[in-house]
Amino acid sequence: DTAVSQTPKYLVTQMGNDKSIKCEQNLGHDTMYWYKQDSKKFLKIMFSYNNKELIINETVPNRFSPKSPDKAHLNLHINSLELGDSAVYFCASTGRGATNEKLFFGSGTQLSVL
Amino acid sequence: GDSVTQMEGPVTLSEEAFLTINCTYTATGYPSLFWYVQYPGEGLQLLLKATKADDKGSNKGFEATYRKETTSFHLEKGSVQVSDSAVYFCALKGGSEKLVFGKGMKLTVNP
(Lines give C-alpha, C1' and ligand atoms only; values in the text may rest on other atoms or scores of the structure.)
Protein backbone atom coordinates (compact mmCIF):
# COMPACT_ATOMS: atom_id res chain seq x y z
CA ASP A 1 0.00 0.00 0.00
CA THR A 2 2.97 2.30 -0.62
CA ALA A 3 1.80 5.70 -1.84
CA VAL A 4 4.74 6.70 -4.04
CA SER A 5 7.12 3.93 -4.97
CA GLN A 6 10.26 4.20 -7.01
CA THR A 7 12.68 1.57 -8.21
CA PRO A 8 15.43 0.74 -7.90
CA LYS A 9 16.40 1.98 -4.45
CA TYR A 10 20.11 1.78 -5.30
CA LEU A 11 21.72 2.01 -8.71
CA VAL A 12 25.46 1.67 -9.28
CA THR A 13 26.70 2.01 -12.82
CA GLN A 14 29.61 3.04 -15.00
CA MET A 15 30.10 6.36 -16.74
CA GLY A 16 28.59 6.43 -20.19
CA ASN A 17 25.82 3.94 -19.46
CA ASP A 18 22.11 4.59 -19.91
CA LYS A 19 19.78 3.89 -16.99
CA SER A 20 16.15 4.36 -15.98
CA ILE A 21 14.41 4.99 -12.69
CA LYS A 22 10.72 4.16 -12.40
CA CYS A 23 8.09 5.86 -10.28
CA GLU A 24 4.49 4.96 -9.59
CA GLN A 25 1.89 6.53 -7.32
CA ASN A 26 -1.40 4.97 -6.24
CA LEU A 27 -2.86 8.14 -4.73
CA GLY A 28 -4.84 9.20 -7.76
CA HIS A 29 -2.73 12.34 -8.04
CA ASP A 30 -2.53 14.37 -11.22
CA THR A 31 0.90 15.89 -10.82
CA MET A 32 4.23 14.13 -10.44
CA TYR A 33 7.77 15.42 -10.01
CA TRP A 34 11.40 14.44 -10.11
CA TYR A 35 13.81 16.04 -7.67
CA LYS A 36 17.57 15.66 -7.39
CA GLN A 37 19.24 15.77 -3.99
CA ASP A 38 23.00 16.29 -3.94
CA SER A 39 25.51 15.18 -1.31
CA LYS A 40 24.88 18.35 0.70
CA LYS A 41 21.16 17.50 0.85
CA PHE A 42 20.26 20.37 -1.47
CA LEU A 43 16.99 19.49 -3.20
CA LYS A 44 16.33 20.77 -6.70
CA ILE A 45 13.31 20.22 -8.90
CA MET A 46 14.00 18.73 -12.31
CA PHE A 47 10.65 18.05 -13.95
CA SER A 48 6.95 18.11 -13.29
CA TYR A 49 4.14 16.42 -15.21
CA ASN A 50 0.43 17.08 -14.89
CA ASN A 51 -1.84 14.46 -16.46
CA LYS A 52 1.01 13.19 -18.61
CA GLU A 53 1.94 16.68 -19.82
CA LEU A 54 5.23 18.36 -19.01
CA ILE A 55 4.63 21.56 -17.02
CA ILE A 56 7.97 22.24 -15.35
CA ASN A 57 11.29 21.63 -17.02
CA GLU A 58 14.16 23.16 -15.11
CA THR A 59 17.61 23.62 -16.58
CA VAL A 60 18.54 19.98 -16.81
CA PRO A 61 20.87 18.39 -19.39
CA ASN A 62 19.18 16.81 -22.39
CA ARG A 63 20.56 13.49 -21.24
CA PHE A 64 17.70 13.42 -18.75
CA SER A 65 14.37 12.53 -20.29
CA PRO A 66 11.19 12.02 -18.28
CA LYS A 67 8.42 9.83 -19.63
CA SER A 68 4.87 9.63 -18.34
CA PRO A 69 2.90 6.77 -19.91
CA ASP A 70 -0.08 7.61 -17.71
CA LYS A 71 -0.75 9.94 -14.82
CA ALA A 72 0.20 7.32 -12.24
CA HIS A 73 3.70 6.83 -13.63
CA LEU A 74 6.64 9.12 -14.24
CA ASN A 75 9.88 7.46 -15.26
CA LEU A 76 13.28 9.09 -15.60
CA HIS A 77 15.71 7.97 -18.25
CA ILE A 78 19.32 9.13 -18.16
CA ASN A 79 21.66 8.75 -21.14
CA SER A 80 25.44 8.79 -21.09
CA LEU A 81 25.74 8.95 -17.32
CA GLU A 82 28.40 11.24 -15.85
CA LEU A 83 30.11 11.32 -12.46
CA GLY A 84 28.19 14.47 -11.57
CA ASP A 85 24.90 12.64 -11.94
CA SER A 86 25.61 10.78 -8.71
CA ALA A 87 22.88 11.85 -6.29
CA VAL A 88 19.64 10.72 -4.73
CA TYR A 89 16.66 11.14 -7.04
CA PHE A 90 13.22 11.55 -5.52
CA CYS A 91 9.89 11.12 -7.19
CA ALA A 92 6.93 12.98 -5.70
CA SER A 93 3.26 13.56 -6.42
CA THR A 94 0.49 15.92 -5.43
CA GLY A 95 -3.25 16.12 -5.90
CA ARG A 96 -5.68 18.90 -6.80
CA GLY A 97 -7.12 21.81 -4.89
CA ALA A 98 -6.20 22.27 -1.25
CA THR A 99 -4.31 19.00 -1.23
CA ASN A 100 -2.01 20.04 -4.04
CA GLU A 101 0.22 21.92 -1.67
CA LYS A 102 1.36 18.72 0.01
CA LEU A 103 3.92 16.66 -1.78
CA PHE A 104 4.17 12.93 -1.20
CA PHE A 105 7.68 11.67 -1.77
CA GLY A 106 9.05 8.29 -2.68
CA SER A 107 11.93 6.92 -0.62
CA GLY A 108 14.53 7.86 -3.20
CA THR A 109 16.92 6.19 -5.63
CA GLN A 110 20.57 6.54 -4.78
CA LEU A 111 22.49 6.68 -8.04
CA SER A 112 26.26 6.17 -7.97
CA VAL A 113 28.18 6.67 -11.19
CA LEU A 114 31.68 5.20 -11.13
CA GLY B 1 12.08 34.55 -8.48
CA ASP B 2 10.82 32.87 -5.34
CA SER B 3 13.48 31.68 -2.92
CA VAL B 4 13.94 30.30 0.56
CA THR B 5 16.91 30.85 2.85
CA GLN B 6 17.37 28.69 5.90
CA MET B 7 20.04 27.75 8.39
CA GLU B 8 22.19 25.05 6.85
CA GLY B 9 23.78 23.39 9.83
CA PRO B 10 24.61 20.71 10.66
CA VAL B 11 23.37 21.22 14.19
CA THR B 12 23.87 18.88 17.13
CA LEU B 13 21.76 19.18 20.27
CA SER B 14 21.26 17.24 23.44
CA GLU B 15 17.92 15.63 24.16
CA GLU B 16 15.36 18.05 25.66
CA ALA B 17 17.16 21.09 24.26
CA PHE B 18 15.23 23.91 22.58
CA LEU B 19 15.36 24.00 18.80
CA THR B 20 15.01 26.94 16.42
CA ILE B 21 15.66 26.66 12.70
CA ASN B 22 15.47 29.99 10.94
CA CYS B 23 13.80 30.36 7.57
CA THR B 24 13.18 33.49 5.53
CA TYR B 25 11.66 33.76 2.11
CA THR B 26 11.37 35.99 -0.93
CA ALA B 27 8.23 35.75 -3.00
CA THR B 28 5.70 37.85 -4.84
CA GLY B 29 2.14 37.74 -3.61
CA TYR B 30 1.11 35.49 -0.75
CA PRO B 31 2.89 32.15 -0.81
CA SER B 32 2.07 29.13 1.28
CA LEU B 33 4.90 28.06 3.59
CA PHE B 34 5.96 24.59 4.64
CA TRP B 35 8.38 22.59 6.69
CA TYR B 36 9.31 19.17 5.39
CA VAL B 37 11.34 16.59 7.29
CA GLN B 38 13.54 13.83 5.89
CA TYR B 39 14.38 11.00 8.25
CA PRO B 40 17.47 8.90 7.46
CA GLY B 41 17.02 6.75 4.39
CA GLU B 42 13.56 8.09 3.61
CA GLY B 43 11.88 10.59 1.33
CA LEU B 44 10.65 13.95 2.55
CA GLN B 45 7.35 14.23 4.35
CA LEU B 46 5.31 17.26 5.25
CA LEU B 47 5.79 18.32 8.87
CA LEU B 48 3.58 21.41 8.98
CA LYS B 49 2.33 24.27 6.87
CA ALA B 50 0.75 27.72 6.98
CA THR B 51 -1.15 29.31 4.13
CA LYS B 52 -1.61 32.92 5.24
CA ALA B 53 -0.05 35.59 7.42
CA ASP B 54 -0.13 34.94 11.19
CA ASP B 55 -1.17 31.30 10.70
CA LYS B 56 0.65 28.89 12.97
CA GLY B 57 1.39 25.40 11.76
CA SER B 58 2.05 22.70 14.33
CA ASN B 59 2.73 18.98 14.41
CA LYS B 60 4.66 16.54 16.63
CA GLY B 61 5.55 19.34 19.05
CA PHE B 62 6.98 21.53 16.27
CA GLU B 63 5.57 24.97 15.52
CA ALA B 64 6.13 27.68 12.95
CA THR B 65 4.32 31.00 12.50
CA TYR B 66 3.90 32.75 9.13
CA ARG B 67 5.31 36.25 9.68
CA LYS B 68 4.68 38.41 6.67
CA GLU B 69 6.27 41.50 8.17
CA THR B 70 9.61 39.73 8.56
CA THR B 71 9.05 37.25 5.68
CA SER B 72 9.93 34.43 8.05
CA PHE B 73 8.69 30.98 9.02
CA HIS B 74 11.03 29.81 11.79
CA LEU B 75 10.62 26.27 13.09
CA GLU B 76 10.67 25.70 16.86
CA LYS B 77 10.39 22.83 19.28
CA GLY B 78 10.65 23.19 23.03
CA SER B 79 12.24 19.84 23.81
CA VAL B 80 13.84 17.75 21.08
CA GLN B 81 14.12 13.99 21.15
CA VAL B 82 16.61 11.60 19.58
CA SER B 83 13.88 10.60 17.14
CA ASP B 84 13.83 14.18 15.79
CA SER B 85 17.23 13.62 14.18
CA ALA B 86 16.61 14.35 10.51
CA VAL B 87 17.09 16.91 7.77
CA TYR B 88 14.60 19.79 7.86
CA PHE B 89 13.57 21.74 4.78
CA CYS B 90 11.73 25.03 4.65
CA ALA B 91 9.71 25.51 1.45
CA LEU B 92 7.28 27.84 -0.21
CA LYS B 93 4.73 27.60 -2.95
CA GLY B 94 3.93 30.81 -4.76
CA GLY B 95 2.19 31.63 -7.97
CA SER B 96 4.38 29.41 -10.13
CA GLU B 97 2.85 26.19 -8.73
CA LYS B 98 6.36 25.05 -8.01
CA LEU B 99 7.44 24.09 -4.51
CA VAL B 100 10.74 25.84 -3.79
CA PHE B 101 12.92 24.29 -1.09
CA GLY B 102 15.61 25.73 1.12
CA LYS B 103 18.93 23.91 1.30
CA GLY B 104 17.99 21.73 4.24
CA MET B 105 19.44 21.55 7.73
CA LYS B 106 20.68 18.36 9.30
CA LEU B 107 19.80 18.00 12.98
CA THR B 108 21.36 15.39 15.23
CA VAL B 109 19.98 14.91 18.74
CA ASN B 110 22.15 13.04 21.20
CA PRO B 111 20.79 11.21 24.25
# chains A, B, ... in the order shown; residues from 1 in each chain; ligands from 1
>>> interface_residues(of="chain A", to="chain B", cutoff="6 Å", atoms="only C-alpha atoms", output="VMD selection string")
chain A and resid 42 105 to 108
>>> residues_around(residues="stretch 12-28 of chain A", least_positions_apart="2", cutoff="6 Å", atoms="only C-alpha atoms", output="number ranges by chain")
A: 3-7, 72-82, 111-114
>>> select_by_dssp(residues="chain B", states="strand (DSSP E)", output="PyMOL selection string")
chain B and resi 3-6+11-14+19-21+23-26+32-38+44-50+56-59+62-65+75-77+86-93+99-101+105-110
